[in-house]
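So this one's work_13.pdb, PDB, C-alpha atoms and all ligand atoms:
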ATOM      1  CA  MET A   1     -22.932  63.533  64.512  1.00  0.00           C
ATOM      2  CA  ASN A   2     -26.342  65.137  64.244  1.00  0.00           C
ATOM      3  CA  ASN A   3     -29.773  63.532  64.024  1.00  0.00           C
ATOM      4  CA  SER A   4     -29.970  63.742  60.268  1.00  0.00           C
ATOM      5  CA  CYS A   5     -30.224  61.451  57.279  1.00  0.00           C
ATOM      6  CA  VAL A   6     -29.388  61.634  53.604  1.00  0.00           C
ATOM      7  CA  TYR A   7     -31.937  60.586  51.017  1.00  0.00           C
ATOM      8  CA  PRO A   8     -29.978  60.279  47.765  1.00  0.00           C
ATOM      9  CA  GLY A   9     -31.240  59.734  44.251  1.00  0.00           C
ATOM     10  CA  SER A  10     -31.497  60.959  40.707  1.00  0.00           C
ATOM     11  CA  PHE A  11     -34.937  62.554  41.200  1.00  0.00           C
ATOM     12  CA  ASP A  12     -35.274  62.883  37.429  1.00  0.00           C
ATOM     13  CA  PRO A  13     -37.983  64.017  38.199  1.00  0.00           C
ATOM     14  CA  ILE A  14     -39.259  63.698  41.794  1.00  0.00           C
ATOM     15  CA  THR A  15     -42.399  61.518  42.068  1.00  0.00           C
ATOM     16  CA  TYR A  16     -45.068  61.015  44.726  1.00  0.00           C
ATOM     17  CA  GLY A  17     -43.112  57.927  45.797  1.00  0.00           C
ATOM     18  CA  HIS A  18     -40.008  60.053  46.542  1.00  0.00           C
ATOM     19  CA  LEU A  19     -42.118  62.673  48.261  1.00  0.00           C
ATOM     20  CA  ASP A  20     -43.665  60.056  50.532  1.00  0.00           C
ATOM     21  CA  ILE A  21     -40.208  58.832  51.594  1.00  0.00           C
ATOM     22  CA  ILE A  22     -38.979  62.417  52.173  1.00  0.00           C
ATOM     23  CA  THR A  23     -42.057  63.292  54.233  1.00  0.00           C
ATOM     24  CA  ARG A  24     -41.810  60.179  56.391  1.00  0.00           C
ATOM     25  CA  SER A  25     -38.043  60.637  56.895  1.00  0.00           C
ATOM     26  CA  ALA A  26     -38.645  64.223  57.961  1.00  0.00           C
ATOM     27  CA  LYS A  27     -40.819  62.921  60.799  1.00  0.00           C
ATOM     28  CA  ILE A  28     -38.065  60.631  62.063  1.00  0.00           C
ATOM     29  CA  PHE A  29     -35.004  62.855  61.674  1.00  0.00           C
ATOM     30  CA  ASP A  30     -34.344  66.461  62.674  1.00  0.00           C
ATOM     31  CA  LYS A  31     -32.929  67.142  59.237  1.00  0.00           C
ATOM     32  CA  VAL A  32     -33.200  65.372  55.874  1.00  0.00           C
ATOM     33  CA  TYR A  33     -30.638  66.050  53.172  1.00  0.00           C
ATOM     34  CA  VAL A  34     -32.192  65.308  49.807  1.00  0.00           C
ATOM     35  CA  ALA A  35     -29.091  64.680  47.731  1.00  0.00           C
ATOM     36  CA  ILE A  36     -29.319  64.725  43.950  1.00  0.00           C
ATOM     37  CA  LEU A  37     -26.559  62.880  42.143  1.00  0.00           C
ATOM     38  CA  ASN A  38     -24.869  64.960  39.459  1.00  0.00           C
ATOM     39  CA  ASN A  39     -24.074  61.981  37.286  1.00  0.00           C
ATOM     40  CA  THR A  40     -21.284  62.943  34.884  1.00  0.00           C
ATOM     41  CA  GLN A  41     -21.599  59.582  33.075  1.00  0.00           C
ATOM     42  CA  LYS A  42     -25.353  59.775  32.505  1.00  0.00           C
ATOM     43  CA  LYS A  43     -26.954  63.027  31.529  1.00  0.00           C
ATOM     44  CA  GLY A  44     -30.429  63.209  33.034  1.00  0.00           C
ATOM     45  CA  ALA A  45     -33.598  64.390  31.321  1.00  0.00           C
ATOM     46  CA  PHE A  46     -33.778  67.442  33.607  1.00  0.00           C
ATOM     47  CA  PRO A  47     -30.822  69.679  34.482  1.00  0.00           C
ATOM     48  CA  THR A  48     -29.877  69.292  38.145  1.00  0.00           C
ATOM     49  CA  GLU A  49     -30.929  72.909  38.896  1.00  0.00           C
ATOM     50  CA  LYS A  50     -34.408  72.108  37.584  1.00  0.00           C
ATOM     51  CA  ARG A  51     -34.573  68.975  39.736  1.00  0.00           C
ATOM     52  CA  VAL A  52     -33.659  71.039  42.801  1.00  0.00           C
ATOM     53  CA  GLU A  53     -36.387  73.537  41.920  1.00  0.00           C
ATOM     54  CA  MET A  54     -39.017  70.812  41.467  1.00  0.00           C
ATOM     55  CA  ILE A  55     -38.108  69.195  44.811  1.00  0.00           C
ATOM     56  CA  GLN A  56     -38.239  72.605  46.512  1.00  0.00           C
ATOM     57  CA  LYS A  57     -41.711  73.259  45.139  1.00  0.00           C
ATOM     58  CA  SER A  58     -42.895  69.778  46.139  1.00  0.00           C
ATOM     59  CA  CYS A  59     -41.532  69.992  49.703  1.00  0.00           C
ATOM     60  CA  LYS A  60     -42.954  73.375  50.686  1.00  0.00           C
ATOM     61  CA  HIS A  61     -44.810  71.686  53.581  1.00  0.00           C
ATOM     62  CA  LEU A  62     -41.537  70.596  55.189  1.00  0.00           C
ATOM     63  CA  ASP A  63     -39.184  72.874  57.086  1.00  0.00           C
ATOM     64  CA  ASN A  64     -36.418  70.433  57.972  1.00  0.00           C
ATOM     65  CA  ILE A  65     -35.085  69.452  54.586  1.00  0.00           C
ATOM     66  CA  VAL A  66     -32.020  70.618  52.694  1.00  0.00           C
ATOM     67  CA  ILE A  67     -31.787  69.960  48.964  1.00  0.00           C
ATOM     68  CA  GLU A  68     -28.307  69.691  47.494  1.00  0.00           C
ATOM     69  CA  VAL A  69     -26.526  68.340  44.439  1.00  0.00           C
ATOM     70  CA  PHE A  70     -23.558  66.056  45.015  1.00  0.00           C
ATOM     71  CA  ASP A  71     -21.008  64.284  42.893  1.00  0.00           C
ATOM     72  CA  GLY A  72     -18.528  61.588  43.745  1.00  0.00           C
ATOM     73  CA  LEU A  73     -19.176  58.935  46.331  1.00  0.00           C
ATOM     74  CA  LEU A  74     -22.374  59.087  48.342  1.00  0.00           C
ATOM     75  CA  VAL A  75     -20.602  58.152  51.574  1.00  0.00           C
ATOM     76  CA  ASP A  76     -18.257  61.144  51.155  1.00  0.00           C
ATOM     77  CA  TYR A  77     -21.273  63.415  50.886  1.00  0.00           C
ATOM     78  CA  VAL A  78     -22.875  61.788  53.956  1.00  0.00           C
ATOM     79  CA  ARG A  79     -19.702  62.489  55.931  1.00  0.00           C
ATOM     80  CA  LYS A  80     -19.491  66.037  54.599  1.00  0.00           C
ATOM     81  CA  VAL A  81     -22.905  66.866  56.065  1.00  0.00           C
ATOM     82  CA  LYS A  82     -21.987  65.063  59.306  1.00  0.00           C
ATOM     83  CA  SER A  83     -24.690  62.444  58.987  1.00  0.00           C
ATOM     84  CA  ASN A  84     -24.388  58.671  59.314  1.00  0.00           C
ATOM     85  CA  VAL A  85     -27.661  57.447  57.824  1.00  0.00           C
ATOM     86  CA  ILE A  86     -28.652  56.841  54.217  1.00  0.00           C
ATOM     87  CA  ILE A  87     -32.352  56.394  53.478  1.00  0.00           C
ATOM     88  CA  ARG A  88     -33.568  54.398  50.513  1.00  0.00           C
ATOM     89  CA  GLY A  89     -37.107  53.515  49.515  1.00  0.00           C
ATOM     90  CA  LEU A  90     -38.015  49.956  48.545  1.00  0.00           C
ATOM     91  CA  ARG A  91     -40.928  49.621  46.163  1.00  0.00           C
ATOM     92  CA  ALA A  92     -40.935  45.921  45.410  1.00  0.00           C
ATOM     93  CA  VAL A  93     -38.805  42.791  45.526  1.00  0.00           C
ATOM     94  CA  SER A  94     -37.344  43.822  42.183  1.00  0.00           C
ATOM     95  CA  ASP A  95     -35.634  46.794  43.873  1.00  0.00           C
ATOM     96  CA  PHE A  96     -34.103  44.603  46.493  1.00  0.00           C
ATOM     97  CA  GLU A  97     -31.113  43.116  44.695  1.00  0.00           C
ATOM     98  CA  ALA A  98     -29.595  46.388  43.525  1.00  0.00           C
ATOM     99  CA  GLU A  99     -30.353  48.107  46.831  1.00  0.00           C
ATOM    100  CA  PHE A 100     -28.864  45.232  48.800  1.00  0.00           C
ATOM    101  CA  GLN A 101     -25.690  45.406  46.713  1.00  0.00           C
ATOM    102  CA  MET A 102     -25.415  49.171  47.036  1.00  0.00           C
ATOM    103  CA  SER A 103     -25.944  49.111  50.791  1.00  0.00           C
ATOM    104  CA  HIS A 104     -23.274  46.438  51.215  1.00  0.00           C
ATOM    105  CA  ILE A 105     -20.765  48.313  49.098  1.00  0.00           C
ATOM    106  CA  ASN A 106     -21.409  51.445  51.121  1.00  0.00           C
ATOM    107  CA  LEU A 107     -21.127  49.504  54.374  1.00  0.00           C
ATOM    108  CA  GLN A 108     -17.850  47.951  53.252  1.00  0.00           C
ATOM    109  CA  ILE A 109     -16.259  51.281  52.371  1.00  0.00           C
ATOM    110  CA  ALA A 110     -17.882  53.230  55.209  1.00  0.00           C
ATOM    111  CA  PRO A 111     -18.815  50.958  58.148  1.00  0.00           C
ATOM    112  CA  ASP A 112     -19.855  53.946  60.236  1.00  0.00           C
ATOM    113  CA  ILE A 113     -22.708  54.783  57.838  1.00  0.00           C
ATOM    114  CA  GLU A 114     -25.931  52.760  57.917  1.00  0.00           C
ATOM    115  CA  THR A 115     -28.499  52.390  55.152  1.00  0.00           C
ATOM    116  CA  LEU A 116     -32.101  52.297  56.332  1.00  0.00           C
ATOM    117  CA  PHE A 117     -34.891  51.179  54.030  1.00  0.00           C
ATOM    118  CA  LEU A 118     -38.412  52.534  54.113  1.00  0.00           C
ATOM    119  CA  SER A 119     -41.039  50.559  52.255  1.00  0.00           C
ATOM    120  CA  THR A 120     -42.925  52.623  49.763  1.00  0.00           C
ATOM    121  CA  LEU A 121     -46.663  52.883  50.280  1.00  0.00           C
ATOM    122  CA  PRO A 122     -48.383  50.275  48.058  1.00  0.00           C
ATOM    123  CA  LYS A 123     -50.229  52.988  46.122  1.00  0.00           C
ATOM    124  CA  TYR A 124     -46.845  54.379  44.993  1.00  0.00           C
ATOM    125  CA  SER A 125     -45.064  51.078  44.520  1.00  0.00           C
ATOM    126  CA  TYR A 126     -45.322  51.033  40.738  1.00  0.00           C
ATOM    127  CA  ILE A 127     -44.284  54.658  40.159  1.00  0.00           C
ATOM    128  CA  SER A 128     -40.871  55.449  38.737  1.00  0.00           C
ATOM    129  CA  SER A 129     -39.235  58.559  37.311  1.00  0.00           C
ATOM    130  CA  SER A 130     -38.476  56.677  34.094  1.00  0.00           C
ATOM    131  CA  MET A 131     -42.178  55.871  33.580  1.00  0.00           C
ATOM    132  CA  VAL A 132     -43.052  59.513  34.193  1.00  0.00           C
ATOM    133  CA  ARG A 133     -40.464  60.562  31.594  1.00  0.00           C
ATOM    134  CA  GLU A 134     -41.803  58.059  29.078  1.00  0.00           C
ATOM    135  CA  LEU A 135     -45.399  59.182  29.570  1.00  0.00           C
ATOM    136  CA  ALA A 136     -44.353  62.825  29.290  1.00  0.00           C
ATOM    137  CA  TYR A 137     -42.373  62.104  26.135  1.00  0.00           C
ATOM    138  CA  PHE A 138     -45.367  60.454  24.451  1.00  0.00           C
ATOM    139  CA  LYS A 139     -47.751  63.123  25.777  1.00  0.00           C
ATOM    140  CA  GLY A 140     -49.512  60.696  28.103  1.00  0.00           C
ATOM    141  CA  ASP A 141     -51.087  61.738  31.388  1.00  0.00           C
ATOM    142  CA  PHE A 142     -48.451  61.435  34.101  1.00  0.00           C
ATOM    143  CA  SER A 143     -50.193  63.780  36.540  1.00  0.00           C
ATOM    144  CA  TYR A 144     -51.255  60.936  38.868  1.00  0.00           C
ATOM    145  CA  PHE A 145     -47.644  60.217  39.680  1.00  0.00           C
ATOM    146  CA  VAL A 146     -45.984  63.554  40.456  1.00  0.00           C
ATOM    147  CA  PRO A 147     -46.869  66.510  42.706  1.00  0.00           C
ATOM    148  CA  GLU A 148     -49.351  68.780  40.987  1.00  0.00           C
ATOM    149  CA  CYS A 149     -47.087  71.810  41.344  1.00  0.00           C
ATOM    150  CA  ILE A 150     -44.468  70.337  38.970  1.00  0.00           C
ATOM    151  CA  VAL A 151     -46.720  68.943  36.239  1.00  0.00           C
ATOM    152  CA  GLU A 152     -46.268  72.066  34.128  1.00  0.00           C
ATOM    153  CA  ASP A 153     -42.461  72.026  34.590  1.00  0.00           C
ATOM    154  CA  ILE A 154     -42.363  68.493  33.213  1.00  0.00           C
ATOM    155  CA  LYS A 155     -44.625  69.344  30.278  1.00  0.00           C
ATOM    156  CA  GLN A 156     -42.384  72.300  29.407  1.00  0.00           C
ATOM    157  CA  GLN A 157     -39.327  70.064  29.341  1.00  0.00           C
ATOM    158  CA  TYR A 158     -40.948  67.774  26.776  1.00  0.00           C
ATOM    159  CA  LYS A 159     -42.534  70.471  24.641  1.00  0.00           C
TER
HETATM  160  O1  LIG B   1     -32.378  57.350  42.197  1.00  0.00           O
HETATM  161  P1  LIG B   1     -31.265  56.402  41.908  1.00  0.00           P
HETATM  162  O2  LIG B   1     -30.754  56.634  40.505  1.00  0.00           O
HETATM  163  O3  LIG B   1     -31.654  54.984  42.159  1.00  0.00           O
HETATM  164  O4  LIG B   1     -30.061  56.758  42.930  1.00  0.00           O
HETATM  165  C1  LIG B   1     -28.833  56.056  42.873  1.00  0.00           C
HETATM  166  C2  LIG B   1     -27.768  56.744  43.769  1.00  0.00           C
HETATM  167  C3  LIG B   1     -27.612  58.203  43.407  1.00  0.00           C
HETATM  168  C4  LIG B   1     -28.178  56.625  45.203  1.00  0.00           C
HETATM  169  C5  LIG B   1     -26.426  55.962  43.557  1.00  0.00           C
HETATM  170  O5  LIG B   1     -26.172  55.839  42.194  1.00  0.00           O
HETATM  171  C6  LIG B   1     -25.233  56.630  44.234  1.00  0.00           C
HETATM  172  O6  LIG B   1     -25.145  56.678  45.439  1.00  0.00           O
HETATM  173  N1  LIG B   1     -24.285  57.133  43.411  1.00  0.00           N
HETATM  174  C7  LIG B   1     -23.102  57.828  43.918  1.00  0.00           C
HETATM  175  C8  LIG B   1     -21.832  57.035  43.628  1.00  0.00           C
HETATM  176  C9  LIG B   1     -21.543  56.044  44.735  1.00  0.00           C
HETATM  177  O7  LIG B   1     -21.427  56.359  45.881  1.00  0.00           O
HETATM  178  N2  LIG B   1     -21.384  54.750  44.331  1.00  0.00           N
HETATM  179  C10 LIG B   1     -21.063  53.702  45.279  1.00  0.00           C
HETATM  180  C11 LIG B   1     -22.279  52.975  45.788  1.00  0.00           C
HETATM  181  S1  LIG B   1     -22.794  51.749  44.645  1.00  0.00           S
END
Would you write out, as structure tokens, the structure that this file holds?
Amino acid sequence: MNNSCVYPGSFDPITYGHLDIITRSAKIFDKVYVAILNNTQKKGAFPTEKRVEMIQKSCKHLDNIVIEVFDGLLVDYVRKVKSNVIIRGLRAVSDFEAEFQMSHINLQIAPDIETLFLSTLPKYSYISSSMVRELAYFKGDFSYFVPECIVEDIKQQYK
């Protein structure tokens, strides 16, 4: 086992809230695997390759992160990279129920893997990828919510 963690998500697209959790995790762990779910049941707004690219651009200041796409069970991916920690961000009480359920399911099927929650900074607590997508779709200003370096990528997607 190495001193690493896995931060999984859809990242469709990455927001400042995600970036905050990645940056803080990178201070705690030697290596952070940012794992993008390739969801075969739900096609995302951005192709997974584009999501990888946007996370890469946003995380240029960090040298201990690995960005990968995974499919299948998260715990299988965590084992594949020889980690035993899953990181999730909690924005508000409303996140809690689903996160609690997911962490218990993962703990039941993989008791050797722990889920750790980081609370999102209050200034990012209301940001979500779905709100960014909606603003972008209706040509609203979403630039407060995502790293500056990917604003143009998002605009291009909704052109
Ligand atoms: O950013 P999201 O969409 O909230 O991330 C959800 C994610 C990717 C962490 C979750 O859907 C996931 O882990 N999917 C992989 C399938 C899996 O392991 N399911 C069992 C746990 S409920």
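The nearest approach to Phe117 in chain A among the residues A:Phe70, A:Phe29, A:Phe145, A:Phe100, with all atoms listed in the file taken into account, belongs to A:Phe100.
Considering all atoms listed in the file, the residue among A:Ser58, A:Thr15, A:Thr40, A:Thr23 positioned nearest to Cys149 in chain A is A:Ser58.
Shortest separation to ligand LIG 1 (chain B) among A:Leu107, A:Ile150, A:Ala92, A:Leu37 occurs at residue A:Leu37, atoms counted being all atoms listed in the file.
Counting all atoms listed in the file and comparing A:Pro111, A:Pro8, A:Gly17, A:Gly89, the residue that lies closest to ligand LIG 1 (chain B) is A:Pro8.
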Inset, instruction - Go through A:Phe46, A:Val6, A:Phe96, A:Leu62 and flag the residue nearest Ile113 in chain A, using only C-alpha atoms for the distances. - result: A:Val6
Compile a residue-level contact table for chain A against ligand LIG 1 (chain B) at a cut-off of 8 Å, reporting for every qualifying residue the shortest atom pair and its distance in Å to one decimal, with all atoms listed in the file counted, rows ordered by chain and ascending number, as a tab-separated table.
residue	atom	partner	partner_atom	distance
A:Tyr7	CA	B:LIG1	C4	8.0
A:Pro8	CA	B:LIG1	C4	4.8
A:Gly9	CA	B:LIG1	O1	3.3
A:Ser10	CA	B:LIG1	O1	4.0
A:Phe11	CA	B:LIG1	O1	5.9
A:Asp12	CA	B:LIG1	O1	7.9
A:Ala35	CA	B:LIG1	C3	7.9
A:Ile36	CA	B:LIG1	C3	6.8
A:Leu37	CA	B:LIG1	C3	5.0
A:Asn39	CA	B:LIG1	N1	7.8
A:Asp71	CA	B:LIG1	C7	6.9
A:Gly72	CA	B:LIG1	C8	5.6
A:Leu73	CA	B:LIG1	O7	3.5
A:Leu74	CA	B:LIG1	O7	3.8
A:Val75	CA	B:LIG1	O7	6.0
A:Asp76	CA	B:LIG1	O7	7.8
A:Arg88	CA	B:LIG1	C4	7.9
A:Gln101	CA	B:LIG1	S1	7.3
A:Met102	CA	B:LIG1	S1	4.4
A:Ser103	CA	B:LIG1	C11	7.3
A:Ile105	CA	B:LIG1	C11	5.9
A:Asn106	CA	B:LIG1	C11	5.6
Legend entry - Output check: residues returned by the PyMOL selection byres (((chain A and resi 142) around 12) and not hetatm), as a ChimeraX atom specification: /A:13,15-16,127-141,143-148,150-152,154-155
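Between CA of Ala45 in chain A and CA of Arg91 in chain A there is a distance of 22.2 Å.
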Legend entry - Distance in Å - CA of Ile87 in chain A versus CA of Gly44 in chain A: 21.6 Å
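Atom to atom, CA of Ile28 in chain A and CA of Tyr77 in chain A stand 20.4 Å apart.
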Inset, instruction - Run the PyMOL selection byres (((chain A and resi 59) around 12) and not hetatm) against the file shown and list the residues it catches, as a ChimeraX atom specification. - result: /A:14-16,18-24,26,32,34,52-58,60-67,147-150
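When all atoms listed in the file are used to measure the gap to Tyr126 in chain A, the shortest distance among A:Gln156, A:Gln108, A:Asn38, A:Ser94 belongs to A:Ser94.
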